[in-house]
Amino acid sequence: MIEGQPVVDWAWIVRNLDNIGARTLDHVVLTVLAVAIGFVISFGLALAIRRNRRLTGPILGISGILYSIPSLAFFMVLIRFTGIGSILTAEIPLVSYTILILVRNTLAGFDAVPADVVEAAEGMGYSRWQRLWRVELPIASPVIIAGLRIATVTTVGLVTVTAFIGVQSLGSLILNPGLANFFLTAVLVGSLGAIALAVAGDLGFMLLQRLATPWARDRALGT
Amino acid sequence: MDFFAEVVAWFGDAANWSGTDGVPSRIGEHLVLSAVPLLVAVALALPIGLYIGHTGRLAALAINVSNVGRAIPTLAILSIAWLLLSRPLVEIGLRRDAAEITTALAMIALALPPIITNAYVGLAGVDRDLVEAGRGMGMTGRQLLLRLELPLALPVVLAGVRTAAVQVVATATLGAVVGTGGLGRYLVDGLAQRKYEEVFAGGLLVALLAIGTELLFSWLQRRTVSPGLQSATARALREPGQMGRGGGEVAV
């Protein structure tokens, strides 16, 4: 903080509402894109592992290695190949980081489906895909959604770091004017905005889970 | 590939291996910048986590602290700490260390949740029958904790320390943004000067250091866990919920 400067410069916030809104939207888009792409890839990988269990080691191993690359390094290393400020430079690491979490939870979700339920579905003449969509997926959904919650919250935090590679998000406010001009208001707006988005994403999926699993809700009510 | 030749040349250049911005000196700075906050975090978090696990009080805190920690971006903690603390630190004569101290505080905040949560989860996972048996044999609370619960929970407790260590080594890189030394300097300075081979080399070194930390701590874990529990360690490590860098967990 600079001496004499108020802790929070409300006038700056009001003047920059458009900018703050636009950066928030950028942040949401980057997050949704990463989690959505990550989920499609992870779901495919989890299905592949279910078909062939020998793939478990290699898939979890590779996604574990990707997960362990420090984020700032991952983003910056890609600049030379995919360009500064490009969405691709941001999304490749963001998507990579979601995969370990989502594959693990999708597998754990499917593993939680009782074998006799699967057999009952087979006995009722469900095809492989019908069984997947109508029986296994609903039962697996709480654990899968728990994975989506972690992936979303993690991604929201990581998106702030993409500001270093010139991609716009709430992190851009933290860097400039925040750190660059020693301007606390911008740092707080960017930080609290990111925390609010993480909480909103988390609650959103929690709500989705309640809607997707009405039986669990009924049971919780004791009916 | 042109670019990879440049990276190889960067590593081959003797100038990059000597002086204050040479690789050995940067790695040394990075290790100090990571080890100090990690030690402080362990000293703070272990007693808290063990207390919660032993007594069962405040369990909700132990479970939620890692979720809340995840929602707060490290960049946010570091930036807020820097803006609030750098001036006071300079005023009390710590100009040269202001960036390091601020970064260390942010790293402590980052390291606390996994250590607290795993210490709690580890103790809570100890078979209740064993605790009852210990109590029946007349063990005091302290003896129960130190001779029974902690040894049994050690693999999980140490897994939390390992997660924290790897996170801190990886994230201490961010300190360079507010002016610390360490490997982050190659990323930040390299980017500013558009020396992408230096950025790449720095990124590679951070990744290797993080992997090295992971390996060191899993070795430490194997060394410190009692032989009778070795198979249990192996099981705990394979199991979701207790593995490296937070992402190992299957949350329910």
# chains A, B, ... in the order shown; residues from 1 in each chain; ligands from 1

$ interface_residues --of "chain A" --to "chain B" --cutoff "6 Å" --atoms "only C-alpha atoms" --output "list in words"
Met1, Ile69, Pro70, Ala73, Val77, Ile101, Asn105, Val143, Ala146, Val153, Gly157, Ser191, Ile195 and Ala198 of chain A

$ write_last_selection --atoms "C-alpha atoms" --output "short mmCIF file (atom, residue, chain, number, x, y, z; two decimals), in the first residue's frame"
data_model
loop_
_atom_site.label_atom_id
_atom_site.label_comp_id
_atom_site.auth_asym_id
_atom_site.auth_seq_id
_atom_site.Cartn_x
_atom_site.Cartn_y
_atom_site.Cartn_z
CA MET A 1 0.00 0.00 0.00
CA ILE A 69 4.83 -30.18 -13.48
CA PRO A 70 4.91 -26.84 -11.61
CA ALA A 73 6.95 -23.54 -15.47
CA VAL A 77 7.70 -23.44 -21.28
CA ILE A 101 -8.19 -35.91 -10.67
CA ASN A 105 -12.64 -40.16 -9.56
CA VAL A 143 -17.92 -39.62 -6.91
CA ALA A 146 -16.79 -34.85 -6.40
CA VAL A 153 -11.71 -25.31 -7.73
CA GLY A 157 -6.82 -21.02 -8.87
CA SER A 191 -8.16 -12.54 -5.45
CA ILE A 195 -12.15 -17.28 -4.54
CA ALA A 198 -14.13 -21.28 -6.94
#

$ residues_around --residues "range 143-151 of chain B" --least-positions-apart "4" --cutoff "8 Å" --atoms "only C-alpha atoms" --output "VMD selection string"
chain B and resid 54 123 126 131 134 to 135 139 225 to 226

$ write_last_selection --atoms "C-alpha atoms" --output "short mmCIF file (atom, residue, chain, number, x, y, z; two decimals), in the first residue's frame"
data_model
loop_
_atom_site.label_atom_id
_atom_site.label_comp_id
_atom_site.auth_asym_id
_atom_site.auth_seq_id
_atom_site.Cartn_x
_atom_site.Cartn_y
_atom_site.Cartn_z
CA HIS B 54 -6.13 -37.78 18.85
CA LEU B 123 -4.90 -40.83 13.27
CA VAL B 126 -6.18 -46.08 13.32
CA VAL B 131 -6.80 -47.80 20.80
CA GLY B 134 -4.06 -49.75 24.53
CA ARG B 135 -6.35 -47.95 26.92
CA MET B 139 -1.71 -46.45 28.46
CA VAL B 225 8.15 -46.30 8.87
CA SER B 226 8.50 -49.36 11.05
#

$ select_by_dssp --residues "range 11-60 of chain B" --states "helix (DSSP H, G or I)" --output "number ranges by chain"
B: 11-12, 14-17, 23-55, 59-60

$ atom_distance --atom1 "CA of Gly64 in chain A" --atom2 "CA of Phe39 in chain A"
15.8 Å

$ closest_residue --among "B:Ile108, B:Ala99, B:Ala124, B:Leu94" --to "Thr55 in chain B" --atoms "only C-alpha atoms"
B:Ala124

$ atom_distance --atom1 "CA of Ala98 in chain B" --atom2 "CA of Val167 in chain A"
28.4 Å

$ residues_around --residues "Pro58 in chain A" --least-positions-apart "6" --cutoff "12 Å" --atoms "only C-alpha atoms" --output "list in words"
Leu45, Ala48, Ile49, Asn52, Gly64, Ile65 and Leu100 of chain A

$ write_last_selection --atoms "N, CA and C atoms" --output "compact mmCIF listing (two decimals), in the first residue's frame"
# COMPACT_ATOMS: atom_id res chain seq x y z
N LEU A 45 -10.79 -41.88 -21.18
CA LEU A 45 -9.68 -42.68 -20.63
C LEU A 45 -10.19 -43.69 -19.60
N ALA A 48 -11.78 -46.50 -21.31
CA ALA A 48 -10.74 -47.35 -21.91
C ALA A 48 -10.13 -48.25 -20.84
N ILE A 49 -9.89 -47.70 -19.65
CA ILE A 49 -9.32 -48.50 -18.57
C ILE A 49 -10.28 -49.62 -18.15
N ASN A 52 -9.91 -52.34 -20.54
CA ASN A 52 -8.62 -53.01 -20.46
C ASN A 52 -7.85 -52.49 -19.26
N GLY A 64 -0.19 -38.48 -13.85
CA GLY A 64 0.50 -38.10 -12.63
C GLY A 64 1.73 -37.25 -12.91
N ILE A 65 2.46 -37.62 -13.97
CA ILE A 65 3.65 -36.83 -14.34
C ILE A 65 3.22 -35.43 -14.78
N LEU A 100 -5.69 -36.12 -14.10
CA LEU A 100 -5.41 -37.08 -13.02
C LEU A 100 -6.60 -37.16 -12.05

$ residues_around --residues "Gly38 in chain A" --least-positions-apart "4" --cutoff "8 Å" --atoms "only C-alpha atoms" --output "list in words"
Ala34, Ser42, Val95, Ser96, Thr98, Ile99 and Leu102 of chain A

$ write_last_selection --atoms "C-alpha atoms" --output "short mmCIF file (atom, residue, chain, number, x, y, z; two decimals), in the first residue's frame"
data_model
loop_
_atom_site.label_atom_id
_atom_site.label_comp_id
_atom_site.auth_asym_id
_atom_site.auth_seq_id
_atom_site.Cartn_x
_atom_site.Cartn_y
_atom_site.Cartn_z
CA ALA A 34 -10.45 -26.63 -19.23
CA SER A 42 -10.84 -38.30 -18.72
CA VAL A 95 -6.56 -29.42 -19.12
CA SER A 96 -3.56 -31.60 -18.22
CA THR A 98 -7.62 -31.87 -14.49
CA ILE A 99 -7.00 -35.31 -16.00
CA LEU A 102 -11.00 -36.70 -13.11
#

$ closest_residue --among "A:Phe74, A:Val35, A:Asp18, A:Arg104" --to "Thr56 in chain A" --atoms "only C-alpha atoms"
A:Arg104

$ residues_around --residues "Arg128 in chain A" --least-positions-apart "4" --cutoff "12 Å" --atoms "only C-alpha atoms" --output "list in words"
Leu47, Arg51, Val118, Glu119, Ala121, Glu122, Gly123, Met124, Leu132, Trp133, Arg134, Val135, Glu136 and Leu137 of chain A

$ atom_distance --atom1 "CA of Val156 in chain B" --atom2 "CA of Ala119 in chain B"
7.0 Å

$ residues_around --residues "Ile174 in chain A" --least-positions-apart "4" --cutoff "8 Å" --atoms "only C-alpha atoms" --output "mmCIF file with N, CA and C atoms, in the first residue's frame"
data_model
loop_
_atom_site.group_PDB
_atom_site.id
_atom_site.type_symbol
_atom_site.label_atom_id
_atom_site.label_comp_id
_atom_site.auth_asym_id
_atom_site.auth_seq_id
_atom_site.Cartn_x
_atom_site.Cartn_y
_atom_site.Cartn_z
ATOM 1 N N LEU A 170 -8.952 -12.875 -14.032
ATOM 2 C CA LEU A 170 -8.884 -12.085 -12.802
ATOM 3 C C LEU A 170 -7.434 -11.955 -12.326
ATOM 4 N N GLY A 178 -2.377 -4.460 -9.981
ATOM 5 C CA GLY A 178 -2.097 -4.849 -8.594
ATOM 6 C C GLY A 178 -0.641 -4.815 -8.200
ATOM 7 N N LEU A 179 0.115 -5.864 -8.592
ATOM 8 C CA LEU A 179 1.526 -5.915 -8.196
ATOM 9 C C LEU A 179 2.343 -4.822 -8.882
ATOM 10 N N ALA A 186 -6.810 -3.642 -6.544
ATOM 11 C CA ALA A 186 -6.875 -4.543 -7.698
ATOM 12 C C ALA A 186 -6.506 -5.971 -7.290
ATOM 13 N N VAL A 187 -5.521 -6.096 -6.398
ATOM 14 C CA VAL A 187 -5.136 -7.439 -5.933
ATOM 15 C C VAL A 187 -6.304 -8.097 -5.200
ATOM 16 N N LEU A 188 -6.982 -7.296 -4.353
ATOM 17 C CA LEU A 188 -8.105 -7.849 -3.592
ATOM 18 C C LEU A 188 -9.264 -8.223 -4.514
ATOM 19 N N VAL A 189 -9.558 -7.349 -5.490
ATOM 20 C CA VAL A 189 -10.658 -7.655 -6.415
ATOM 21 C C VAL A 189 -10.356 -8.950 -7.166
ATOM 22 N N GLY A 190 -9.127 -9.068 -7.695
ATOM 23 C CA GLY A 190 -8.757 -10.264 -8.441
ATOM 24 C C GLY A 190 -8.794 -11.507 -7.553
ATOM 25 N N SER A 191 -8.253 -11.381 -6.342
ATOM 26 C CA SER A 191 -8.163 -12.541 -5.446
ATOM 27 C C SER A 191 -9.538 -12.982 -4.962
ATOM 28 N N ALA B 76 -2.770 -15.203 -5.101
ATOM 29 C CA ALA B 76 -3.533 -14.229 -4.322
ATOM 30 C C ALA B 76 -2.900 -14.028 -2.946
ATOM 31 N N SER B 79 0.445 -12.173 -3.359
ATOM 32 C CA SER B 79 0.301 -10.759 -3.744
ATOM 33 C C SER B 79 -0.210 -9.924 -2.584
#

$ closest_residue --among "A:Val113, A:Val103, A:Leu207, A:Ile145" --to "Gly57 in chain A" --atoms "only C-alpha atoms"
A:Val103
